[in-house]
Structures are given as C-alpha cells and as structure tokens.
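Asker: This is the structure I have questions about; it appears just below.
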2 protein chains.
Amino acid sequence: MIQTVNPDEIIAHCQAIAELSEQPGCTTRTFLSPPMREVHRILRVWMERLGMSVSVDSAGNLRGYYEGLYTDAPRLLIGSHLDTVPCAGAFDGVLGVVLGIALIESLKGRRLPFAIEIAGFSDEEGVRFGMPFIGSRALVGTLDAALLETKDAHGCTVAQAIRDFGLDPSGMAEAVLQRPLLGYLEFHIEQGPVLDQLGLPLGIVEAIAGRTQARVSFRGRANHAGTTPMHLRHDAVAAVAEWILAVEHEARATPGLVATVGQVEAIPGASNVIAGEARASLDVRHAIDAQRTAGVDRIVSAAREIARGRELTFECSAKQEQRAVACDPKLVLAMEKAVERAGFPLHRMTSGAGHDAMILAQKVPVAMLFLRSPGGISHHPDERVLSQDLAAALHTGLRFLEQLEELHG
Amino acid sequence: MIQTVNPDEIIAHCQAIAELSEQPGCTTRTFLSPPMREVHRILRVWMERLGMSVSVDSAGNLRGYYEGLYTDAPRLLIGSHLDTVPCAGAFDGVLGVVLGIALIESLKGRRLPFAIEIAGFSDEEGVRFGMPFIGSRALVGTLDAALLETKDAHGCTVAQAIRDFGLDPSGMAEAVLQRPLLGYLEFHIEQGPVLDQLGLPLGIVEAIAGRTQARVSFRGRANHAGTTPMHLRHDAVAAVAEWILAVEHEARATPGLVATVGQVEAIPGASNVIAGEARASLDVRHAIDAQRTAGVDRIVSAAREIARGRELTFECSAKQEQRAVACDPKLVLAMEKAVERAGFPLHRMTSGAGHDAMILAQKVPVAMLFLRSPGGISHHPDERVLSQDLAAALHTGLRFLEQLEELHG
C-alpha cells in the first residue's frame with residue numbers, strides 16, 4: 001500500500017480547526033467571521049509547505065494551486081466548505097478541504113499531467129446571510145451584484161463583510177474558475193445513516209437529490225372541544241394528521257423517495273378548541289426529478305381527497321423546486337474503479353443533502369465520495385469520522401488520481 | 001298561552017348589556033371591571049320594579065330576591081354569569097339572568113309557594129384571574145382566603161378587586177346560599193351545534209360532562225430530512241399523527257365521547273429536520289366518568305403501542321380530571337313535563353362545557369335548560385339566539401315553576 005498521511009493527523013487537523021469559533025465552547029464559523037482568518041493561516045502554511053501557491057479570492061475562498069507536469073495543464077478542483085452551522089461538528093465541510101491537501105501531501109511532490117486546485121469555500125451553510133453557497137457561486141460566476149447586497153441580521157451586506165475581511169469584492173471576476181478543467185472532487189461525510197447501517201466506509205455519490213419544499217394548510221372550522229359532537233367536526237388537526245401519514249406512506253412506497261413533515265401547527269392552538277386551521281411543512285427529495293414531482297403530485301392529491309372527505313379546504317403554497325444534480329458518469333466510473341483498486345466495497349448512493357458540488361456542476365463535471373458518519377450524526381458536536389474510513393478515502397483518492405492520469409496522461 | 005315578556009325585549013336587554021364593555025367595539029367584561037357597575041344598575045332597576053329586593057354580595061354577585069307566598073318559604077335560585085370572555089357574544093351567561101328576571105316579570109306579581117332568587121354571577125369565565133367560577137364558588141362557600149389572594153396580570157388580588165369595586169371581602173360568609181333550597185335553574189345557550197342540527201329549540205341537560213385534560217409527548221430521533229431513508233427514521237411527527245387519528249377513532253367509536261387534540265408542536269420544528277419530539281394536548285369528555293376514563297385508557301394504550309411500533313418513547317403528563325356532574329333527576333323530570341306541557345319536543349342532552357350549575361350542584365339540586373345556538377356559534381360576536389326559542393324557554397320556564405308548585409305547594 002502507498003504510504004499516505006496518517007489518518008489520525010487528519011482528524012487532529014479538523015479538531016484543531018473546530019476550536020476556531022465565534023462561540024466559546026461550541027464550533028460556529030459563519031461567512032468571513034474573525035476565526036476564519038486563523039483557519040486560512042493554518043491551511044495556508046500547510047499548503048505552502050507542499051509547494052502550493054495560495055491566495056484568498058474576492059468571495060473569501062481559500063485557493064491553493066498545485067502545479068501539474070506542464071504549464072496550462074488542465075486542473076482538477078478538490079474542495080468543500082470551511083464555514084459551519086451553529087454548534088457544528090468538526091468534520092462537515094472542513095474534512096473535504098483537509099483530505100484534499102492530505103492527498104497532495106501523499107503525492108510526496110510527484111507531479112501529475114494535471115494541476116490540482118484546492119478550494120476551501122467561505123460559505124456553504126448560508127447561516128449568516130440566509131443564502132447558501134456564497135463561496136462556490138463565486139467560482140461559477142453567479143455571485144452577482146444583487147446577491148452581494150444581501151444583508152445579514154445586523155444590516156451588513158455580503159460586499160461589506162468581504163471588505164471588512166480585507167478583501168475587494170470588485171475583483172469577483174477573478175474568482176471564477178479557470179479552464180481547462182478536468183472536474184471537481186468533493187470528499188464529505190455522509191451526514192446520514194446509510195453507510196453506517198450497511199457497515200461500509202465509503203459511498204460513491206451518483207446524484208444530489210432534487211427537492212420540493214412547500215407549505216400546506218388545511219382549513220376547517222374552529223369549535224368548542226366540549227360541545228361539538230364528533231360527527232359535526234371539521235377538525236383541521238385530524239385532517240393534517242391523516243395527511244402526514246399519507247406523506248409517510250407515499251415515501252415508503254416509492255424507492256428512493258424521502259418525504260418529511262418537520263413543522264406542524266394548530267390554529268388557534270388551544271387544548272379546548274377544535275383547530276380551525278392546521279399548517280405544516282413538506283420536504284420531498286429524490287435523485288430523479290420525475291419521480292419526485294410525481295410523488296409530490298400524489299401527496300397533494302391525497303391532501304385534497306382528505307380535505308374533501310372531511311369538508312375542509314386545502315392549500316399548498318410557497319412551493320420551491322430544486323432540480324436533481326447528476327454527478328459526471330465518467331468521473332463516477334473512475335471513482336468506482338478507484339474504490340475497487342483500493343480494495344473497498346462498492347456502494348453507489350444519492351446525496352439527500354445539498355453540497356458545493358451541486359453548484360460546481362453548473363460549470364464542471366463533478367464527483368463526490370462520502371465517508372461513513374457513525375450513527376448518522378452531523379451538524380452536531382458528536383459528529384465523527386473513523387480513522388479507518390479516512391485511510392480508505394485517502395487510498396481511494398490516490399487511485400482516483402491514477403485513473404485521471406490514465407485518462408488524461 | 002300565558003302572556004310572557006316579549007322575547008325581542010329579552011334580546012334587546014342582552015344587546016344593551018353587551019354594549020357595556022372594557023373594550024371599544026367588542027364585548028369584554030371581566031370580574032368586577034368598571035362596566036359591571038352599569039350592568040348591575042340596569043338589572044337592579046328592572047328587578048326593583050318587579051318588587052324584588054336587590055343587593056350585591058361580597059363576591060360581586062348581583063342578587064335579587066322575589067318573596068314567596070309566606071315567610072321562610074324555600075327558595076329556587078335562578079342564575080347565570082354576567083362576565084364574558086374577551087370579544088364575546090351578547091348571550092352567553094347574561095341571557096340566563098335576563099331570562100330569570102323575565103320569568104318573574106311574566107308572573108305579573110303572582111306569588112308562589114317558594115321564593116325565587118336571581119343570581120348574576122360576577123365571574124364564570126375566569127378570564128381575569130385564570131380561575132373560573134369566582135361568583136358561584138362564593139354561593140357554595142368554597143371561595144376561601146387562599147383563592148381571594150389569587151392575582152391578576154397586574155398583581156391585583158381578588159380581594160383587592162372586590163374592595164376596588166366598593167365591596168367588602170370580609171363579608172364573604174353572608175354570600176353563601178341560604179336554606180331551605182328547592183334547587184338551582186340555569187338557562188343557557190347551548191354553545192354547541194347539536195340543537196341547531198336537530199332543528200330543536202330546547203335541550204334538557206342531564207349532566208355536565210366530566211373531563212380529562214393531558215399533555216402528551218412522543219420522543220424519537222431528530223435527523224436530516226434529506227439524508228435519512230424512510231426505514232431508518234424515528235419520526236415523532238408521524239407518530240403523533242398516527243395517534244391523533246387513533247384519538248379521533250376512539251371518540252367516534254364510543255357514543256357520547258368527545259376527544260380533541262387542539263395543540264400540536266414539532267421539535268425542533270424545521271422543514272428540513274425530521275422531528276425528534278412531538279407534543280400535543282388531549283381533551284376527553286363524557287357524561288359518564290367510567291366511560292371517559294376507559295376512553296382515556298384506550299387512547300393512552302394506543303399511544304404506547306404506536307410509540308413501541310416506531311421505536312419511540314411516549315409520555316403522558318399534566319393529567320387533570322374533572323368529574324361529571326349530574327343534574328337532579330327530579331328536576332330533570334319536572335323540566336321534561338314542563339317542555340311537554342309547553343308543547344315543545346323533548347331532547348335530553350349532555351353539556352360538554354362547564355357551567356355555574358356544576359359548582360352549585362355541590363350544595364343544591366340543579367337543572368339546566370339549553371337554548372339552541374344558531375350555527376353552534378358562541379364566545380364570538382356572531383353568537384345569536386332566536387326570538388322563537390326565547391318564547392319557548394319562557395313558556396317552559398313558567399310550566400317548570402308550575403311543576404315546582406305542584407311538588408312543593
């Protein structure tokens with residue numbers, strides 16, 4: 001086996017970075033907040049030690065360039081995000097950047113027929129501005145003037161936050177990814193329980209699921225809980241309950257579909273009043289858009305039927321759609337070969353969560369490799385990654401680079 | 001037919017009283033608030049004109065005494081409450097007092113072998129002190145020193161509110177109902193849709209339903225809505241939904257049982273997070289206590305089974321019980337004869353809401369006559385009563401007095 005960076009060092013790196021937080025006792029690092037400077041400094045020192053040239057672009061992304069065998073060689077981008085949700089774990093995002101640099105370190109100075117650029121994105125979670133992917137948007141050229149005027153809770157714009165960090169938002173055009181490009185590779189913890197349940201270290205992402213979000217409302221008639229016999233009720237809570245079970249049934253009956261009602265509210269919401277209205281959220285995801293929209297249609301039909309049967313009205317509003325993003329078939333195949341050659345079991349899967357790869361896919365073929373999340377825990381201080389899985393990811397990463405060498409050598 | 005007070009005058013009386021409010025544009029009259037003085041004044045003038053002696057007791061109840069044929073004749077109490085919920089209708093409570101006085105007016109000075117006392121209770125709704133029945137508690141002697149120290153939102157005690165109104169709380173013992181007593185009669189709008197749906201003007205109350213109130217909680221595991229496959233979820237919202245339908249099913253399957261989930265909440269309550277906990281309220285009522293408690297037991301068993309099947313935990317807390325109160329069988333029979341003799345259809349029913357009669361029943365046989373609530377609307381400015389139903393109630397009331405004359409003459 002090739003000698004790689006010690007996986008425990010990678011864990012130690014991530015844990016050290018997790019100490020750099022806006023909040024004492026808990027990891028919170030939003031877009032260009034002060035602790036991000038020290039994150040940049042640590043990673044810059046490491047990358048420069050590996051002979052990489054390092055800069056921070058106008059969107060606050062840390063960019064490290066590892067030259068290829070020849071000038072103007074095509075470039076492989078490897079990255080993930082350096083920001084976190086409030087009270088985060090130590091691995092979501094950061095791990096993808098640290099693993100990328102560790103992969104370059106594992107090359108021990110060997111140059112490839114392509115360059116490698118490491119990108120540590122300034123924002124993926126969208127916590128500060130309520131708008132995710134500020135970092136990766138800059139690389140594909142969609143971080144426009146309007147988005148730069150988005151304000152945070154204190155009235156500070158994205159542009160001002162960039163200036164406050166000592167950067168110049170007017171240089172945004174230079175942040176756009178330079179061609180020629182081989183692709184974008186993102187290592188990420190799964191943030192879900194699938195690999196852990198299957199006992200597998202790695203998962204090859206085929207697609208990032210598309211998503212429908214909506215708000216629904218059932219309106220019946222508010223009435224006295226003591227004086228209204230059961231047969232004279234038009235109970236909005238009973239209707240929404242029947243629908244929540246229909247949502248669950250629909251998702252269970254459709255392979256690959258996940259559907260969630262995470263919010264539910266009764267109005268007026270008094271224990272002695274039959275609710276006149278019930279509101280709920282809906283979140284539906286599938287790797288195949290047609291399957292998702294058909295599922296949503298069936299869920300909405302079920303709601304209308306339940307409302308009709310109970311003599312209530314039903315309304316579905318604030319519907320938002322996000323199309324599924326496919327990973328590049330050639331890169332997926334290359335990753336499959338890499339996993340095989342590294343000696344690990346193959347598992348293709350869908351990402352139910354959004355990732356920077358979703359944005360990069362607008363401009364470049366993308367590939368993602370998931371690492372098992374023990375217990376499926378993420379966005380939580382208990383988030384973990386196993387040392388053996390990091391070793392598997394590093395070995396697979398090196399084999400993946402070899403695949404690309406064969407393809408582009 | 002006996003000549004009675006014109007029903008439209010009764011409606012006009014109630015509507016004039018509804019104008020006496022703490023809030024402009026809306027009827028709100030809580031315990032001994034300033035507009036209650038004018039309510040007392042109007043009713044006092046009317047009662048004194050009928051030859052009654054009128055006073056206000058130490059709990060702020062308006063009391064009018066119509067002498068019987070002889071001194072120390074037993075007394076029939078007729079009453080209801082003069083306070084209201086915020087933005088109330090014109091008839092809940094007040095109607096029972098106005099109808100009682102109208103009944104005495106319809107006697108045209110005739111004296112009966114029993115006295116009649118009219119009681120206009122100062123508080124039944126419990127809005128100001130979060131404690132209902134302040135008025136009727138005083139009549140049965142349970143408004144003790146501790147209750148008098150209960151504070152309103154401004155820190156004013158019940159005792160202080162009584163003093164502020166110009167009354168003396170130390171005279172509370174004299175407010176207690178004087179014996180000998182024939183019974184307590186309360187006219188009240190139904191505050192529910194049953195009579196309206198049946199097309200009936202009047203309902204004879206057999207019992208005021210007992211009630212169980214509780215808070216329930218299902219605890220599962222919060223998880224990412226995108227990355228957690230359906231078969232690995234422990235979704236607390238899906239569990240509470242299944243239970244809400246079980247509650248509805250149980251109540252529908254048990255004659256006379258009503259069960260309501262009026263509050264429901266998902267925690268953390270985000271559209272992209274499978275809820276780790278779901279909380280809900282439960283309100284169960286039945287005229288027969290054993291039926292109610294058996295229903296509650298089955299509802300709780302169903303919850304435990306649902307939790308077990310989904311690998312969640314279930315907890316039922318803050319359980320409160322209120323026993324059913326039966327109306328007096330002899331008075332119910334007398335009321336039945338009265339309705340028949342007055343020429344209206346008989347309908348016995350349970351009161352699902354609490355009423356002053358519930359408190360008075362601790363000390364005196366009680367009877368209640370419900371008047372149809374058009375549309376079942378109550379506690380709302382649209383609350384109504386039909387002129388024809390008032391005529392029916394007045395005629396029935398006079399027949400009821402005749403029944404008592406026969407029994408106690």
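Labels for the structure tokens follow display order: chains A, B, ..., residues from 1 in each chain, ligands from 1.
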Skipping near chain neighbours, those fewer than 2 positions away, what residues fall within 6 Å of range 229-239 of chain A using only C-alpha atoms, listed as a PyMOL selection string?

Answerer: chain A and resi 218-221+241-242+274-278

Asker: Find the residues around Leu333 in chain A up to 10 Å (only C-alpha atoms counted), leave out those fewer than 2 positions away in its own chain, and share them as a ChimeraX atom specification.

Answerer: /A:204,206,328-331,335-339,367,400,403

Asker: Return as a compact mmCIF listing (two decimals) with C-alpha atoms, in the first residue's frame the full set of residues in range 323-362 of chain A whose backbone-based DSSP assignment is alpha helix (DSSP H).

Answerer:
# COMPACT_ATOMS: atom_id res chain seq x y z
CA PRO A 329 -20.81 9.45 -15.30
CA LYS A 330 -17.14 9.22 -16.37
CA LEU A 331 -15.91 10.51 -13.01
CA VAL A 332 -18.32 8.19 -11.17
CA LEU A 333 -16.88 5.28 -13.16
CA ALA A 334 -13.33 6.42 -12.41
CA MET A 335 -14.23 6.62 -8.71
CA GLU A 336 -15.73 3.15 -8.88
CA LYS A 337 -12.50 1.75 -10.29
CA ALA A 338 -10.53 3.67 -7.67
CA VAL A 339 -12.61 2.19 -4.83
CA GLU A 340 -12.22 -1.29 -6.31
CA ARG A 341 -8.47 -0.97 -6.80
CA ALA A 342 -8.09 0.38 -3.28
CA ASP A 356 -21.00 22.66 -3.10
CA ALA A 357 -20.74 20.03 -5.87
CA MET A 358 -24.33 20.95 -6.77
CA ILE A 359 -23.20 24.50 -7.64
CA LEU A 360 -19.92 23.49 -9.32

Asker: Hey, which bits of chain B sit within 6 Å of chain A, and for each residue what's the closest pair of atoms and how far apart in Å (one decimal), counting only C-alpha atoms, rows by chain and increasing number, as a Markdown table?

Answerer:
| residue | atom | partner | partner_atom | distance |
| --- | --- | --- | --- | --- |
| B:Gly192 | CA | A:Thr227 | CA | 4.8 |
| B:Gly226 | CA | A:Gly352 | CA | 4.1 |
| B:Thr227 | CA | A:Gly352 | CA | 4.4 |
| B:Thr228 | CA | A:Gly192 | CA | 5.5 |
| B:Ala241 | CA | A:Ala241 | CA | 4.2 |
| B:Gly262 | CA | A:Ser271 | CA | 4.6 |
| B:Gln263 | CA | A:Gly269 | CA | 4.6 |
| B:Val264 | CA | A:Glu265 | CA | 5.9 |
| B:Glu265 | CA | A:Glu265 | CA | 5.9 |
| B:Ala266 | CA | A:Gln263 | CA | 5.6 |
| B:Gly269 | CA | A:Gln263 | CA | 4.6 |
| B:Ala270 | CA | A:Gly262 | CA | 5.4 |
| B:Ser271 | CA | A:Gly262 | CA | 4.6 |
| B:Val273 | CA | A:Gly262 | CA | 5.6 |
| B:Ile274 | CA | A:Gly262 | CA | 5.3 |
| B:Ala275 | CA | A:Gly262 | CA | 5.5 |
| B:Ser281 | CA | A:Ser271 | CA | 5.6 |
| B:Gly352 | CA | A:Gly226 | CA | 4.1 |
| B:Ala353 | CA | A:Gly226 | CA | 5.3 |

Asker: As a VMD selection string, please: every residue in range 23-224 of chain A that a backbone DSSP assignment puts in strand (DSSP E or B).

Answerer: chain A and resid 23 26 to 27 53 to 56 62 to 66 75 to 81 88 115 to 121 151 157 181 to 189 202 to 208 210 to 219 221 223 to 224

Asker: Between A:Thr27, A:Ser55, A:Pro113, A:Asp72, which has the minimum distance to Glu406 in chain A (counting only C-alpha atoms)?

Answerer: A:Pro113

Asker: Could you state the separation of CA of Phe344 in chain A and CA of Gly109 in chain A in Å, given to one decimal place?

Answerer: 26.1 Å

Asker: Would you work out the distance separating CA of Gly397 in chain B from CA of Gln322 in chain B, expressed in Å to one decimal?

Answerer: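 These two atoms are separated by 29.5 Å.
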